[in-house]
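Engineer: Got a structure for you, written out below as structure tokens; questions coming shortly.
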Amino acid sequence: MLFLAVFCGFLAEYQLEHKIEKDREKKFIQTFIEDLKVDTAAINANLVFQKRKKTQLDSLTYLLREQKIKGYENELYYLARILVRTTRFQSSDRTITQLKYSGSLRLIRNEKAADSIISYQKLVDYILQNIDDERIERRAADPILARIFNPFVFDKMLDEFNNVNKPTDNPPLRSYDISLQQDFAFIINQLKGSNIIISTRLKLLNEKAKNTIAFLKKEYHLE
């Protein structure tokens, strides 16, 4: 009888622990879904920025290739000044960070769910690496910009809110050296490549986020 009582107590405790872990698993899945929703909003906003950036890079390439320099200083100053600006995509990683560093990833017992979470995070990591690479390429433009453009004109283009305003009087460039223009065009070409990569992978991430949300809701019977 004593053995039976102990055994029943053990079963009850095991059942309770199992329920607690199952509830925690479901809670992690719910918060991860919320993170994915935040990500999709951030992705869509960044895709809008990347599309606008592509147009700006194409415009700079056109002006340099067609030697539309003198008489086009307004456009050149404006496009060059905003070239070094960006809007960085940042994934909402509160759940994945907690899962990683608290050892709670083991709670995701559904293998397909765990695989979908890991697969999503790997794509996020690839994109963040692409963004870091793009930053290096973008900052490489600084020395060239300093040699082509008058820094005092750049300074006048900034308002009190740090917005960039296009000049209206075609201020002269610091240098009209064609060799420098070609160096500048090379950097622009590098940035166009990064723009394509980041945009393509952000679109893939957006689809993966939406598919993962639908899959996890179905697997865990969530509304």
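In the structure tokens, each chain is lettered A, B, ... as it comes, each chain's residues begin at 1, and ligands are numbered from 1 in order of appearance.
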Stretch 148-163 of chain A: which residues within 9 Å, counting only C-alpha atoms, same-chain residues fewer than 2 positions away excluded, as a ChimeraX atom specification?

Structural biologist: /A:76-78,80-81,143-146,165-167,171-177,180-181,184

Engineer: Could you write out the selected residues, including N, CA, C and O atoms, as a compact mmCIF listing (two decimals), in the first residue's frame?

Structural biologist:
```
# COMPACT_ATOMS: atom_id res chain seq x y z
N LEU A 76 23.23 65.71 -57.44
CA LEU A 76 24.41 64.98 -57.00
C LEU A 76 24.67 65.17 -55.51
O LEU A 76 24.94 64.21 -54.79
N TYR A 77 24.57 66.41 -55.05
CA TYR A 77 24.77 66.67 -53.62
C TYR A 77 23.72 65.94 -52.78
O TYR A 77 24.05 65.32 -51.75
N TYR A 78 22.48 66.01 -53.21
CA TYR A 78 21.40 65.39 -52.43
C TYR A 78 21.56 63.87 -52.38
O TYR A 78 21.53 63.26 -51.30
N ALA A 80 24.21 62.06 -52.96
CA ALA A 80 25.43 61.66 -52.28
C ALA A 80 25.28 61.77 -50.76
O ALA A 80 25.78 60.92 -50.01
N ARG A 81 24.58 62.82 -50.31
CA ARG A 81 24.43 63.01 -48.86
C ARG A 81 23.55 61.95 -48.23
O ARG A 81 23.80 61.50 -47.10
N PRO A 143 35.52 58.54 -47.79
CA PRO A 143 36.70 59.26 -48.31
C PRO A 143 36.48 59.82 -49.72
O PRO A 143 36.99 60.91 -50.04
N ILE A 144 35.74 59.10 -50.55
CA ILE A 144 35.46 59.56 -51.91
C ILE A 144 34.53 60.78 -51.87
O ILE A 144 34.75 61.77 -52.58
N LEU A 145 33.51 60.71 -51.05
CA LEU A 145 32.58 61.83 -50.92
C LEU A 145 33.31 63.09 -50.44
O LEU A 145 33.04 64.20 -50.91
N ALA A 146 34.25 62.91 -49.51
CA ALA A 146 35.00 64.04 -48.98
C ALA A 146 35.85 64.72 -50.06
O ALA A 146 36.10 65.93 -49.98
N ASN A 165 18.08 68.33 -47.02
CA ASN A 165 17.36 69.13 -48.01
C ASN A 165 18.22 69.34 -49.25
O ASN A 165 19.41 69.63 -49.14
N LYS A 166 17.60 69.20 -50.41
CA LYS A 166 18.33 69.35 -51.66
C LYS A 166 18.69 70.81 -51.90
O LYS A 166 17.84 71.69 -51.72
N PRO A 167 19.93 71.09 -52.31
CA PRO A 167 20.30 72.47 -52.67
C PRO A 167 19.46 72.96 -53.85
O PRO A 167 18.89 72.15 -54.60
N PRO A 171 25.38 74.29 -56.24
CA PRO A 171 26.70 74.67 -55.70
C PRO A 171 27.80 73.83 -56.35
O PRO A 171 27.59 72.63 -56.62
N PRO A 172 28.94 74.40 -56.65
CA PRO A 172 29.99 73.64 -57.34
C PRO A 172 30.52 72.49 -56.49
O PRO A 172 30.54 72.56 -55.26
N LEU A 173 30.94 71.44 -57.15
CA LEU A 173 31.58 70.32 -56.47
C LEU A 173 32.97 70.73 -56.03
O LEU A 173 33.57 71.67 -56.57
N ARG A 174 33.50 70.01 -55.09
CA ARG A 174 34.89 70.24 -54.68
C ARG A 174 35.84 69.79 -55.79
O ARG A 174 36.90 70.40 -55.99
N SER A 175 35.45 68.71 -56.47
CA SER A 175 36.28 68.20 -57.56
C SER A 175 35.38 67.65 -58.66
O SER A 175 34.36 67.01 -58.38
N TYR A 176 35.80 67.87 -59.91
CA TYR A 176 35.10 67.32 -61.06
C TYR A 176 35.95 66.24 -61.73
O TYR A 176 35.74 65.89 -62.89
N ASP A 177 36.90 65.70 -60.98
CA ASP A 177 37.83 64.69 -61.48
C ASP A 177 37.05 63.43 -61.89
O ASP A 177 36.39 62.80 -61.06
N LEU A 180 37.84 60.22 -59.89
CA LEU A 180 37.13 60.12 -58.61
C LEU A 180 35.67 59.71 -58.82
O LEU A 180 35.11 58.94 -58.04
N GLN A 181 35.08 60.21 -59.89
CA GLN A 181 33.69 59.85 -60.20
C GLN A 181 33.57 58.35 -60.47
O GLN A 181 32.60 57.72 -60.05
N PHE A 184 33.73 56.49 -57.27
CA PHE A 184 32.43 56.64 -56.63
C PHE A 184 31.41 55.69 -57.26
O PHE A 184 30.64 55.03 -56.55
```

Engineer: Residues near A:Glu137, anyone? I mean within 12 Å using only C-alpha atoms, not counting same-chain ones fewer than 5 positions away, as a list of chain:residue names.

Structural biologist: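 Skipping anything fewer than 5 positions along the chain leaves A:Leu83, A:Val84, A:Asn130, A:Ile131, A:Asp132, A:Asp142, A:Pro143, A:Phe184, A:Phe186, A:Ile187, A:Ile188, A:Asn189, A:Gln190, A:Leu191, A:Lys192, A:Gly193, A:Ser194, A:Asn195.
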
Engineer: How far is it from atom CA of A:Val48 to atom CA of A:Ser199, in Å with one decimal?

Structural biologist: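 For atom CA of A:Val48 relative to atom CA of A:Ser199, the distance reads 9.4 Å.
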
Engineer: Hey, what's within 12 Å of A:Leu216 if we count only C-alpha atoms and toss same-chain stuff fewer than 2 positions away? As number ranges by chain, please?

Structural biologist: A: 25-34, 36, 108, 110-117, 208-214, 218-223

Engineer: Now that the selection is made, can you save its residues with C-alpha atoms as an mmCIF file, in the first residue's frame?

Structural biologist:
```cif
data_model
loop_
_atom_site.group_PDB
_atom_site.id
_atom_site.type_symbol
_atom_site.label_atom_id
_atom_site.label_comp_id
_atom_site.auth_asym_id
_atom_site.auth_seq_id
_atom_site.Cartn_x
_atom_site.Cartn_y
_atom_site.Cartn_z
ATOM 1 C CA GLU A 25 5.896 25.536 -24.461
ATOM 2 C CA LYS A 26 2.614 26.972 -25.657
ATOM 3 C CA LYS A 27 3.451 30.333 -24.072
ATOM 4 C CA PHE A 28 6.805 30.429 -25.872
ATOM 5 C CA ILE A 29 5.081 29.659 -29.164
ATOM 6 C CA GLN A 30 2.547 32.444 -28.582
ATOM 7 C CA THR A 31 5.250 35.024 -27.831
ATOM 8 C CA PHE A 32 7.302 33.845 -30.831
ATOM 9 C CA ILE A 33 4.263 34.377 -33.046
ATOM 10 C CA GLU A 34 3.966 37.915 -31.655
ATOM 11 C CA LEU A 36 7.027 37.285 -36.026
ATOM 12 C CA ILE A 108 9.651 22.835 -27.788
ATOM 13 C CA ASN A 110 7.221 19.453 -31.469
ATOM 14 C CA GLU A 111 10.175 18.744 -33.773
ATOM 15 C CA LYS A 112 8.635 20.481 -36.783
ATOM 16 C CA ALA A 113 7.908 23.574 -34.690
ATOM 17 C CA ALA A 114 11.478 23.644 -33.350
ATOM 18 C CA ASP A 115 12.851 23.248 -36.890
ATOM 19 C CA SER A 116 10.681 26.105 -38.170
ATOM 20 C CA ILE A 117 11.921 28.409 -35.382
ATOM 21 C CA LYS A 208 8.770 32.509 -44.030
ATOM 22 C CA ALA A 209 7.383 34.596 -41.162
ATOM 23 C CA LYS A 210 3.828 34.429 -42.518
ATOM 24 C CA ASN A 211 4.092 30.683 -43.218
ATOM 25 C CA THR A 212 5.590 30.012 -39.781
ATOM 26 C CA ILE A 213 2.795 31.927 -38.064
ATOM 27 C CA ALA A 214 0.165 29.901 -39.931
ATOM 28 C CA LYS A 218 -2.336 25.187 -36.641
ATOM 29 C CA GLU A 219 0.073 22.915 -34.709
ATOM 30 C CA TYR A 220 -0.778 24.444 -31.323
ATOM 31 C CA HIS A 221 -4.461 25.126 -32.035
ATOM 32 C CA LEU A 222 -4.123 28.879 -31.535
ATOM 33 C CA GLU A 223 -6.524 31.535 -32.761
#
```

Engineer: Could you check which of A:Arg139, A:Arg24, A:Lys68, A:Lys122 is closest to A:Leu99, using only C-alpha atoms?

Structural biologist: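 Nearest to A:Leu99: A:Arg24.
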
Engineer: Please measure the separation of atom CA of A:Glu134 and atom CA of A:Ile69, giving the value in Å to one decimal.

Structural biologist: 26.2 Å

Engineer: Name the residues of stretch 15-171 of chain A that come out as alpha helix (DSSP H) in a backbone DSSP run; write them as a VMD selection string.

Structural biologist: chain A and resid 15 to 65 73 to 83 94 to 101 111 to 139 142 to 148 151 to 157

Engineer: Please, could you write that set of residues out with C-alpha atoms as a compact mmCIF listing (two decimals), in the first residue's frame?

Structural biologist:
```
# COMPACT_ATOMS: atom_id res chain seq x y z
CA GLN A 15 1.70 14.78 -14.61
CA LEU A 16 1.84 18.22 -13.02
CA GLU A 17 5.39 18.86 -14.30
CA HIS A 18 4.36 17.69 -17.75
CA LYS A 19 1.40 20.10 -17.75
CA ILE A 20 3.58 23.00 -16.56
CA GLU A 21 6.14 22.35 -19.30
CA LYS A 22 3.42 22.00 -21.91
CA ASP A 23 1.90 25.32 -20.82
CA ARG A 24 5.34 26.96 -20.98
CA GLU A 25 5.90 25.54 -24.46
CA LYS A 26 2.61 26.97 -25.66
CA LYS A 27 3.45 30.33 -24.07
CA PHE A 28 6.80 30.43 -25.87
CA ILE A 29 5.08 29.66 -29.16
CA GLN A 30 2.55 32.44 -28.58
CA THR A 31 5.25 35.02 -27.83
CA PHE A 32 7.30 33.85 -30.83
CA ILE A 33 4.26 34.38 -33.05
CA GLU A 34 3.97 37.91 -31.65
CA ASP A 35 7.65 38.46 -32.45
CA LEU A 36 7.03 37.29 -36.03
CA LYS A 37 4.17 39.77 -36.39
CA VAL A 38 6.47 42.58 -35.25
CA ASP A 39 9.08 41.33 -37.72
CA THR A 40 6.70 41.37 -40.68
CA ALA A 41 5.91 45.03 -39.99
CA ALA A 42 9.64 45.84 -39.75
CA ILE A 43 10.37 43.84 -42.92
CA ASN A 44 7.70 45.63 -44.94
CA ALA A 45 8.96 49.03 -43.77
CA ASN A 46 12.53 48.11 -44.69
CA LEU A 47 11.48 46.81 -48.11
CA VAL A 48 9.96 50.23 -48.82
CA PHE A 49 13.28 51.81 -47.84
CA GLN A 50 15.28 49.35 -49.98
CA LYS A 51 13.09 50.11 -53.01
CA ARG A 52 13.64 53.83 -52.53
CA LYS A 53 17.37 53.24 -52.06
CA LYS A 54 17.52 51.30 -55.35
CA THR A 55 15.97 54.24 -57.20
CA GLN A 56 18.50 56.61 -55.63
CA LEU A 57 21.45 54.37 -56.52
CA ASP A 58 20.18 54.01 -60.10
CA SER A 59 19.86 57.80 -60.37
CA LEU A 60 23.43 58.33 -59.15
CA THR A 61 24.74 55.74 -61.58
CA TYR A 62 22.87 57.40 -64.45
CA LEU A 63 24.22 60.87 -63.64
CA LEU A 64 27.81 59.62 -63.40
CA ARG A 65 27.62 57.33 -66.44
CA GLU A 73 24.99 69.53 -58.77
CA ASN A 74 21.72 69.84 -56.81
CA GLU A 75 20.84 66.19 -57.52
CA LEU A 76 24.41 64.98 -57.00
CA TYR A 77 24.77 66.67 -53.62
CA TYR A 78 21.40 65.39 -52.43
CA LEU A 79 21.87 61.79 -53.60
CA ALA A 80 25.43 61.66 -52.28
CA ARG A 81 24.43 63.01 -48.86
CA ILE A 82 21.62 60.50 -48.33
CA LEU A 83 23.74 57.65 -49.71
CA ARG A 94 12.97 38.41 -27.27
CA THR A 95 11.61 34.83 -27.48
CA ILE A 96 14.48 33.24 -29.39
CA THR A 97 16.98 34.87 -27.00
CA GLN A 98 15.12 33.54 -24.00
CA LEU A 99 14.91 30.07 -25.55
CA LYS A 100 18.63 30.06 -26.31
CA TYR A 101 20.07 31.39 -23.07
CA GLU A 111 10.17 18.74 -33.77
CA LYS A 112 8.64 20.48 -36.78
CA ALA A 113 7.91 23.57 -34.69
CA ALA A 114 11.48 23.64 -33.35
CA ASP A 115 12.85 23.25 -36.89
CA SER A 116 10.68 26.10 -38.17
CA ILE A 117 11.92 28.41 -35.38
CA ILE A 118 15.58 27.54 -36.01
CA SER A 119 15.18 27.85 -39.79
CA TYR A 120 13.63 31.30 -39.43
CA GLN A 121 16.39 32.49 -37.10
CA LYS A 122 19.11 31.26 -39.49
CA LEU A 123 17.65 33.40 -42.28
CA VAL A 124 17.51 36.38 -39.90
CA ASP A 125 21.20 35.85 -39.09
CA TYR A 126 22.09 35.75 -42.81
CA ILE A 127 20.26 39.03 -43.40
CA LEU A 128 21.90 40.75 -40.43
CA GLN A 129 25.28 39.68 -41.83
CA ASN A 130 24.31 41.12 -45.24
CA ILE A 131 23.35 44.37 -43.50
CA ASP A 132 26.72 44.50 -41.73
CA ASP A 133 28.49 43.92 -45.07
CA GLU A 134 26.44 46.72 -46.64
CA ARG A 135 27.45 49.06 -43.83
CA ILE A 136 31.13 48.43 -44.56
CA GLU A 137 30.53 49.18 -48.26
CA ARG A 138 28.56 52.30 -47.42
CA ARG A 139 31.21 53.72 -45.08
CA ASP A 142 33.16 58.49 -47.04
CA PRO A 143 36.70 59.26 -48.31
CA ILE A 144 35.46 59.56 -51.91
CA LEU A 145 32.58 61.83 -50.92
CA ALA A 146 35.00 64.04 -48.98
CA ARG A 147 37.10 64.52 -52.10
CA ILE A 148 34.24 65.15 -54.54
CA PRO A 151 31.51 69.58 -46.79
CA PHE A 152 30.16 73.07 -46.08
CA VAL A 153 27.42 72.51 -48.65
CA PHE A 154 26.58 69.21 -46.95
CA ASP A 155 26.39 71.09 -43.66
CA LYS A 156 23.93 73.65 -45.06
CA MET A 157 21.73 70.84 -46.36
```

Engineer: Measure the distance from atom CA of A:Lys70 to atom CA of A:Ile178 in Å and round it to one decimal.

Structural biologist: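 These two atoms are separated by 12.1 Å.
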
Engineer: Considering only C-alpha atoms, can you say which of A:Asp169, A:Val164, A:Tyr72, A:Gln90 comes closest to A:Leu202?

Structural biologist: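 Nearest candidate to A:Leu202 out of A:Asp169, A:Val164, A:Tyr72, A:Gln90: A:Gln90.
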